[in-house]
Amino acid sequence: MMLMRGNAACPGCPIPRELDALLEVTGKNTVLVVPASCTTVIMGDSKGMPSKVPVIHSAFAASAAIASGVKSALDARGEKATVVVWAGDGGTGDIGFASLSGAAERNEDIIYVCYDNEAYMNTGVQRSGLTPYGAWTTTTPSGKRERKKPLPQLVAQHGVPYVATASIAYLFDYQAKIRKAKDITGFRYIHLLSPCPPGWKFDSSLTVQVAKLAVETGIWPLYEIEDGKLRLTSVSKTLLDKANRKPVVEYLKLQGRFANLSDEDVKRIQNDVDEMWEELSKIVS
Amino acid sequence: MQTTYKRSIVTGMVGNHAVAYAVRQAKPQVLAVYPITPQTTMLEKLSEYIDKGQLKARLIRVESEHSALASVYGAALSGARVFTATASQGLLYMTEMIYWAGGQRVPMVAAVATRAIASPWSILDDHQDIMGKRDSIWVQMSAENVQEAYDLTLMAFRISEHENVTLPVMMGFDGFILTHTMERVEVLPDEVVDQFLPERRFNLVDFDDPVGVGSVATPEDYMFYRYEAQRSMERAKRVIEDIGKDYENITGREYGLVECYMCEDADYLVISMGAWSGDARVAAQRERDKGLRAGLLKIRVFRPFPKEKVREYVRRVRGVVVMDRAVSFGSGGVLGIEVKSSSYGLDVPIHNVIGGLGGKDVRPMHIQKVLEDLSQGKLEEERWLL
Ligand code: SF4
């Protein structure tokens with residue numbers, strides 16, 4: 001256990017386990033760079049030390065740049081270490097996008113993990129660029145009208161050596177990806193879909209089930225892109241065949257944030273998912 | 001006063017190259033700089049040093065000034081000596097990280113080629129950019145000429161990393177006036193700099209004893225951090241003077257918090273900061289020649305502000321004019337406010353002259369006129385050289 005017990009996460013929050021699973025793989029010689037996000041709070045105040053690795057808390061927009069500096073300095077010191085940015089969707093895809101893109105373009109030797117809870121949860125569930133179509137948030141009370149920003153693809157377009165998606169419900173897959181990323185030099189990006197019980201309005205006992213359904217319905221495909229080549233991983237490999245995918249409604253109906261979707265909206269979401277898989281099947285075949 | 005010291009090398013350089021030269025000699029391991037006028041030729045020079053292997057460092061070519069300061073912040077926390085440089089809008093764009101670095105008291109050096117702030121656009125000089133950072137827990141210094149820009153850059157590293165200080169340091173020098181003007185400069189041989197600048201010790205990334213940096217603070221902790229920052233600023237005054245003496249021993253050039261030119265017996269004092277102190281020097285001398293006992297007090301270190309010294313000099317004169325290139329709108333000239341506050345309770349009239357904003361020309365004759373008006377009781381409390 002690299003993350004200490006008694007942290008300040010909400011009940012049912014997957015972040016502590018996600019972070020711990022990461023540190024289990026990267027080990028003691030890891031530096032965490034954490035921009036403003038739920039993890040800032042989870043990590044606790046200046047009196048405690050919530051993890052067994054050094055943590056650098058970061059201004060919201062700066063984490064990829066700070067990590068670039070940390071890694072450069074460690075290199076100069078001849079210290080072997082893994083530098084990991086651990087950031088939410090806002091810090092990654094919105095306010096932090098410029099520094100993320102800069103670091104990716106420079107192919108900085110860091111691992112960037114985005115734990116995506118699909119809204120600004122730390123300030124109380126406001127929409128982000130990564131909030132999906134139709135989702136309720138406090139700033140989209142009748143549901144978001146725009147689509148989710150396709151972040152893993154955008155990062156992959158930078159031509160970085162490794163991009164992967166992951167889910168807490170498929171821990172083995174997630175940790176295998178971190179293990180792989182750890183041994184690659186250059187910019188590595190892992191995008192974790194991270195269900196948030198209060199923000200998504202589901203019972204805190206259902207976190208893993210919701211995470212699992214995101215994958216099984218095909219909404220959240222698990223894949224990795226290595227040197228530009230996309231490869232589906234884990235259960236997602238079987239989902240190219242539409243018959244194997246559960247209907248998206250099974251995922252949506254568990255979450256209060258989608259309670260106001262019309263049948264039309266659900267159809268649209270299903271269509272979007274089917275289209276995405278059409279695209280995927282062209283890429284992988 | 002410059003005297004040629006036996007170990008110095010005399011050469012000619014523009015300010016940006018002189019600062020880059022000092023940075024090369026300070027041997028930072030990590031630099032991150034984003035180009036902005038009028039700093040850009042410094043970045044180009046540093047790139048050249050690194051390309052040619054004359055400086056062994058990683059130069060992170062970031063996508064913005066915000067990331068420039070963020071990168072050196074991360075590197076500085078992790079034990080590297082670091083450097084960045086900026087100006088004007090770039091300094092504004094860095095601002096969040098400027099405060100972040102100050103709040104954590106991380107040793108680092110930033111050169112600021114001072115320049116006016118938009119809007120409207122101006123690429124020319126004033127001090128509005130750097131003065132706007134006065135409350136960000138950085139030591140702030142200001143150079144009068146290219147020689148000082150070189151000297152202060154070297155001293156900045158030592159001040160910043162000194163165990164009684166551990167604060168980031170900003171070295172301001174006037175955009176174009178110093179950055180792009182070729183002047184005579186005495187530079188130190190590399191081995192002399194090696195002796196002057198000890199190896200850096202500060203490092204917060206330790207895998208055997210990990211700490212969290214910049215986490216959430218309770219009100220008690222937060223207030224205590226700020227209190228410690230203030231104390232460290234106060235301690236910095238002494239450290240800066242000591243390091244200045246050390247530097248004087250090597251170079252023969254005197255470096256204190258302030259510099260006094262004919263102010264020991266002056267009746268009227270000009271107080272100024274930065275490049276136009278040279279013009280003020282000429283103005284004071286010309287007025288002396290005409291029989292007016294004028295003097296110049298140059299503020300070299302703006303943060304920590306040398307209140308005690310300023311007060312000591314102000315108390316002896318009949319009138320003071322503070323020359324300001326930055327304004328706190330709705331209040332007055334920034335330096336003027338500081339001088340007035342330092343001189344609280346003294347029975348000496350302090351006038352504020354604001355000029356040179358956005359590169360507007362100010363010459364010795366303008367300062368002479370101000371001095372004459374001051375001595376004849378004709379100077380307003382605040383005058384703008386429009
Ligand atoms: S708001 Fe959501 S993401 Fe944030 S700590 Fe709570 S459960 Fe976790």
# chains A, B, ... in the order shown; residues from 1 in each chain; ligands from 1
>>> residues_around(residues="Ile243 of chain B", least_positions_apart="5", cutoff="8 Å", atoms="only C-alpha atoms", output="VMD selection string")
chain B and resid 155 158 to 159
>>> interface_residues(of="chain A", to="chain B", cutoff="9 Å", atoms="only C-alpha atoms", output="PyMOL selection string")
chain A and resi 28-31+40-41+43-59+61-74+76-77+98-99+101-103+106
>>> residues_around(residues="Met170 of chain B", least_positions_apart="4", cutoff="6 Å", atoms="only C-alpha atoms", output="list in words")
Val109, Ala110, Ala111 and Gln140 of chain B
>>> write_last_selection(atoms="all heavy atoms", output="mmCIF file, in the first residue's frame")
data_model
loop_
_atom_site.group_PDB
_atom_site.id
_atom_site.type_symbol
_atom_site.label_atom_id
_atom_site.label_comp_id
_atom_site.auth_asym_id
_atom_site.auth_seq_id
_atom_site.Cartn_x
_atom_site.Cartn_y
_atom_site.Cartn_z
ATOM 1 N N VAL B 109 16.076 31.730 -10.218
ATOM 2 C CA VAL B 109 16.372 33.078 -10.703
ATOM 3 C C VAL B 109 15.627 33.326 -12.006
ATOM 4 O O VAL B 109 15.625 32.487 -12.902
ATOM 5 C CB VAL B 109 17.893 33.275 -10.915
ATOM 6 C CG1 VAL B 109 18.186 34.630 -11.555
ATOM 7 C CG2 VAL B 109 18.628 33.151 -9.581
ATOM 8 N N ALA B 110 14.977 34.487 -12.075
ATOM 9 C CA ALA B 110 14.303 34.900 -13.310
ATOM 10 C C ALA B 110 14.796 36.300 -13.671
ATOM 11 O O ALA B 110 14.845 37.183 -12.814
ATOM 12 C CB ALA B 110 12.790 34.916 -13.116
ATOM 13 N N ALA B 111 15.181 36.466 -14.928
ATOM 14 C CA ALA B 111 15.531 37.808 -15.397
ATOM 15 C C ALA B 111 14.307 38.407 -16.067
ATOM 16 O O ALA B 111 13.646 37.739 -16.859
ATOM 17 C CB ALA B 111 16.692 37.739 -16.381
ATOM 18 N N GLN B 140 13.417 41.149 -5.318
ATOM 19 C CA GLN B 140 13.430 41.868 -6.595
ATOM 20 C C GLN B 140 14.575 42.867 -6.631
ATOM 21 O O GLN B 140 14.726 43.683 -5.724
ATOM 22 C CB GLN B 140 12.106 42.608 -6.795
ATOM 23 C CG GLN B 140 10.941 41.665 -7.019
ATOM 24 C CD GLN B 140 9.649 42.428 -7.286
ATOM 25 O OE1 GLN B 140 9.335 43.378 -6.580
ATOM 26 N NE2 GLN B 140 8.918 42.020 -8.297
#
>>> residues_near_ligand(ligand="ligand 1", cutoff="9 Å", atoms="only C-alpha atoms and all ligand atoms", output="number ranges by chain")
A: 8-16, 37-39, 41-42, 88, 115-117, 120-125, 194-200, 204
>>> residues_around(residues="Gly175 of chain B", least_positions_apart="6", cutoff="8 Å", atoms="only C-alpha atoms", output="list in words")
Pro38, Gln39, Ala113, Thr114, Arg115, Leu124, Asp125 and Asp126 of chain B
>>> write_last_selection(atoms="all heavy atoms", output="PDB file, in the first residue's frame")
ATOM      1  N   PRO B  38      11.387  42.164 -24.996  1.00  0.00           N
ATOM      2  CA  PRO B  38      12.731  42.234 -25.560  1.00  0.00           C
ATOM      3  C   PRO B  38      13.715  41.222 -24.964  1.00  0.00           C
ATOM      4  O   PRO B  38      14.907  41.461 -25.005  1.00  0.00           O
ATOM      5  CB  PRO B  38      13.138  43.663 -25.192  1.00  0.00           C
ATOM      6  CG  PRO B  38      12.404  43.954 -23.920  1.00  0.00           C
ATOM      7  CD  PRO B  38      11.188  43.099 -23.878  1.00  0.00           C
ATOM      8  N   GLN B  39      13.200  40.107 -24.490  1.00  0.00           N
ATOM      9  CA  GLN B  39      14.085  39.119 -23.868  1.00  0.00           C
ATOM     10  C   GLN B  39      14.674  38.143 -24.878  1.00  0.00           C
ATOM     11  O   GLN B  39      15.673  37.474 -24.618  1.00  0.00           O
ATOM     12  CB  GLN B  39      13.285  38.389 -22.753  1.00  0.00           C
ATOM     13  CG  GLN B  39      13.777  37.060 -22.293  1.00  0.00           C
ATOM     14  CD  GLN B  39      13.077  35.924 -23.024  1.00  0.00           C
ATOM     15  OE1 GLN B  39      13.291  35.687 -24.199  1.00  0.00           O
ATOM     16  NE2 GLN B  39      12.206  35.213 -22.333  1.00  0.00           N
ATOM     17  N   ALA B 113      13.220  41.429 -18.461  1.00  0.00           N
ATOM     18  CA  ALA B 113      13.546  42.562 -19.318  1.00  0.00           C
ATOM     19  C   ALA B 113      12.322  43.472 -19.300  1.00  0.00           C
ATOM     20  O   ALA B 113      11.374  43.257 -20.037  1.00  0.00           O
ATOM     21  CB  ALA B 113      13.839  42.071 -20.735  1.00  0.00           C
ATOM     22  N   THR B 114      12.326  44.458 -18.430  1.00  0.00           N
ATOM     23  CA  THR B 114      11.088  45.185 -18.140  1.00  0.00           C
ATOM     24  C   THR B 114      10.507  45.863 -19.381  1.00  0.00           C
ATOM     25  O   THR B 114      11.236  46.364 -20.228  1.00  0.00           O
ATOM     26  CB  THR B 114      11.300  46.239 -17.038  1.00  0.00           C
ATOM     27  OG1 THR B 114      12.290  47.156 -17.471  1.00  0.00           O
ATOM     28  CG2 THR B 114      11.738  45.573 -15.744  1.00  0.00           C
ATOM     29  N   ARG B 115       9.198  45.850 -19.437  1.00  0.00           N
ATOM     30  CA  ARG B 115       8.497  46.378 -20.612  1.00  0.00           C
ATOM     31  C   ARG B 115       7.066  46.741 -20.220  1.00  0.00           C
ATOM     32  O   ARG B 115       6.488  46.122 -19.322  1.00  0.00           O
ATOM     33  CB  ARG B 115       8.490  45.292 -21.703  1.00  0.00           C
ATOM     34  CG  ARG B 115       7.675  45.616 -22.912  1.00  0.00           C
ATOM     35  CD  ARG B 115       7.581  44.402 -23.846  1.00  0.00           C
ATOM     36  NE  ARG B 115       6.227  44.338 -24.374  1.00  0.00           N
ATOM     37  CZ  ARG B 115       5.775  43.342 -25.145  1.00  0.00           C
ATOM     38  NH1 ARG B 115       6.556  42.331 -25.477  1.00  0.00           N
ATOM     39  NH2 ARG B 115       4.548  43.364 -25.582  1.00  0.00           N
ATOM     40  N   LEU B 124       7.956  48.834 -25.582  1.00  0.00           N
ATOM     41  CA  LEU B 124       9.046  49.609 -24.983  1.00  0.00           C
ATOM     42  C   LEU B 124       8.997  49.560 -23.461  1.00  0.00           C
ATOM     43  O   LEU B 124       8.107  48.981 -22.856  1.00  0.00           O
ATOM     44  CB  LEU B 124       9.007  51.031 -25.531  1.00  0.00           C
ATOM     45  CG  LEU B 124       9.161  51.095 -27.062  1.00  0.00           C
ATOM     46  CD1 LEU B 124       9.079  52.528 -27.558  1.00  0.00           C
ATOM     47  CD2 LEU B 124      10.474  50.452 -27.515  1.00  0.00           C
ATOM     48  N   ASP B 125       9.961  50.233 -22.878  1.00  0.00           N
ATOM     49  CA  ASP B 125      10.237  50.040 -21.467  1.00  0.00           C
ATOM     50  C   ASP B 125       9.355  50.829 -20.515  1.00  0.00           C
ATOM     51  O   ASP B 125       9.057  51.983 -20.758  1.00  0.00           O
ATOM     52  CB  ASP B 125      11.701  50.436 -21.229  1.00  0.00           C
ATOM     53  CG  ASP B 125      12.114  50.308 -19.778  1.00  0.00           C
ATOM     54  OD1 ASP B 125      11.762  49.298 -19.161  1.00  0.00           O
ATOM     55  OD2 ASP B 125      12.784  51.227 -19.266  1.00  0.00           O
ATOM     56  N   ASP B 126       8.903  50.214 -19.451  1.00  0.00           N
ATOM     57  CA  ASP B 126       8.647  50.851 -18.154  1.00  0.00           C
ATOM     58  C   ASP B 126       8.688  49.750 -17.101  1.00  0.00           C
ATOM     59  O   ASP B 126       9.112  48.627 -17.418  1.00  0.00           O
ATOM     60  CB  ASP B 126       7.358  51.697 -18.140  1.00  0.00           C
ATOM     61  CG  ASP B 126       6.059  50.921 -18.274  1.00  0.00           C
ATOM     62  OD1 ASP B 126       5.997  49.779 -17.807  1.00  0.00           O
ATOM     63  OD2 ASP B 126       5.093  51.484 -18.833  1.00  0.00           O
TER      64      ASP B 126
END
>>> residues_around(residues="segment 186-190 of chain B", least_positions_apart="4", cutoff="6 Å", atoms="only C-alpha atoms", output="ChimeraX atom specification")
/B:8-10,25
>>> residues_around(residues="segment 206-220 of chain A", least_positions_apart="6", cutoff="6 Å", atoms="only C-alpha atoms", output="mmCIF file with all heavy atoms, in the first residue's frame")
data_model
loop_
_atom_site.group_PDB
_atom_site.id
_atom_site.type_symbol
_atom_site.label_atom_id
_atom_site.label_comp_id
_atom_site.auth_asym_id
_atom_site.auth_seq_id
_atom_site.Cartn_x
_atom_site.Cartn_y
_atom_site.Cartn_z
ATOM 1 N N ALA A 169 -12.569 -1.195 -13.164
ATOM 2 C CA ALA A 169 -13.237 -2.500 -13.151
ATOM 3 C C ALA A 169 -12.363 -3.578 -13.792
ATOM 4 O O ALA A 169 -12.638 -4.768 -13.648
ATOM 5 C CB ALA A 169 -14.576 -2.412 -13.862
ATOM 6 N N ARG A 245 -22.068 -6.369 -27.329
ATOM 7 C CA ARG A 245 -22.140 -5.143 -26.525
ATOM 8 C C ARG A 245 -23.510 -5.030 -25.868
ATOM 9 O O ARG A 245 -24.538 -5.199 -26.529
ATOM 10 C CB ARG A 245 -21.910 -3.920 -27.414
ATOM 11 C CG ARG A 245 -20.549 -3.889 -28.093
ATOM 12 C CD ARG A 245 -20.174 -2.490 -28.535
ATOM 13 N NE ARG A 245 -20.999 -1.950 -29.611
ATOM 14 C CZ ARG A 245 -20.715 -2.083 -30.909
ATOM 15 N NH1 ARG A 245 -19.634 -2.752 -31.295
ATOM 16 N NH2 ARG A 245 -21.511 -1.549 -31.818
ATOM 17 N N LYS A 246 -23.507 -4.726 -24.589
ATOM 18 C CA LYS A 246 -24.777 -4.481 -23.911
ATOM 19 C C LYS A 246 -25.339 -3.139 -24.391
ATOM 20 O O LYS A 246 -24.573 -2.238 -24.750
ATOM 21 C CB LYS A 246 -24.568 -4.448 -22.403
ATOM 22 C CG LYS A 246 -24.201 -5.807 -21.829
ATOM 23 C CD LYS A 246 -24.147 -5.770 -20.315
ATOM 24 C CE LYS A 246 -23.909 -7.184 -19.792
ATOM 25 N NZ LYS A 246 -23.519 -7.191 -18.375
ATOM 26 N N PRO A 247 -26.672 -2.963 -24.376
ATOM 27 C CA PRO A 247 -27.237 -1.666 -24.772
ATOM 28 C C PRO A 247 -26.799 -0.567 -23.793
ATOM 29 O O PRO A 247 -26.706 -0.829 -22.579
ATOM 30 C CB PRO A 247 -28.749 -1.884 -24.687
ATOM 31 C CG PRO A 247 -28.955 -3.326 -24.383
ATOM 32 C CD PRO A 247 -27.664 -3.943 -23.985
ATOM 33 N N VAL A 248 -26.536 0.634 -24.320
ATOM 34 C CA VAL A 248 -26.018 1.713 -23.466
ATOM 35 C C VAL A 248 -26.984 2.053 -22.341
ATOM 36 O O VAL A 248 -26.577 2.548 -21.287
ATOM 37 C CB VAL A 248 -25.709 2.991 -24.282
ATOM 38 C CG1 VAL A 248 -24.547 2.760 -25.220
ATOM 39 C CG2 VAL A 248 -26.933 3.500 -25.008
ATOM 40 N N TYR A 251 -26.128 1.090 -18.844
ATOM 41 C CA TYR A 251 -25.150 1.957 -18.174
ATOM 42 C C TYR A 251 -25.819 3.249 -17.717
ATOM 43 O O TYR A 251 -25.641 3.698 -16.588
ATOM 44 C CB TYR A 251 -24.011 2.243 -19.160
ATOM 45 C CG TYR A 251 -23.002 3.287 -18.730
ATOM 46 C CD1 TYR A 251 -22.078 3.029 -17.728
ATOM 47 C CD2 TYR A 251 -22.950 4.534 -19.377
ATOM 48 C CE1 TYR A 251 -21.120 3.983 -17.371
ATOM 49 C CE2 TYR A 251 -22.004 5.483 -19.023
ATOM 50 C CZ TYR A 251 -21.091 5.213 -18.026
ATOM 51 O OH TYR A 251 -20.157 6.147 -17.674
ATOM 52 N N VAL A 273 -22.214 5.539 -30.084
ATOM 53 C CA VAL A 273 -21.355 4.430 -29.660
ATOM 54 C C VAL A 273 -21.166 3.453 -30.824
ATOM 55 O O VAL A 273 -20.042 3.020 -31.115
ATOM 56 C CB VAL A 273 -21.946 3.711 -28.416
ATOM 57 C CG1 VAL A 273 -21.191 2.413 -28.124
ATOM 58 C CG2 VAL A 273 -21.886 4.631 -27.210
#
>>> residues_around(residues="Glu372 of chain B", least_positions_apart="6", cutoff="9 Å", atoms="only C-alpha atoms", output="list in words")
Glu287, Leu292, Lys378 and Leu379 of chain B
>>> closest_residue(among="A:Ile190, A:Ala164, A:Ile269, A:Met276", to="Ile225 of chain A", atoms="only C-alpha atoms")
A:Ala164
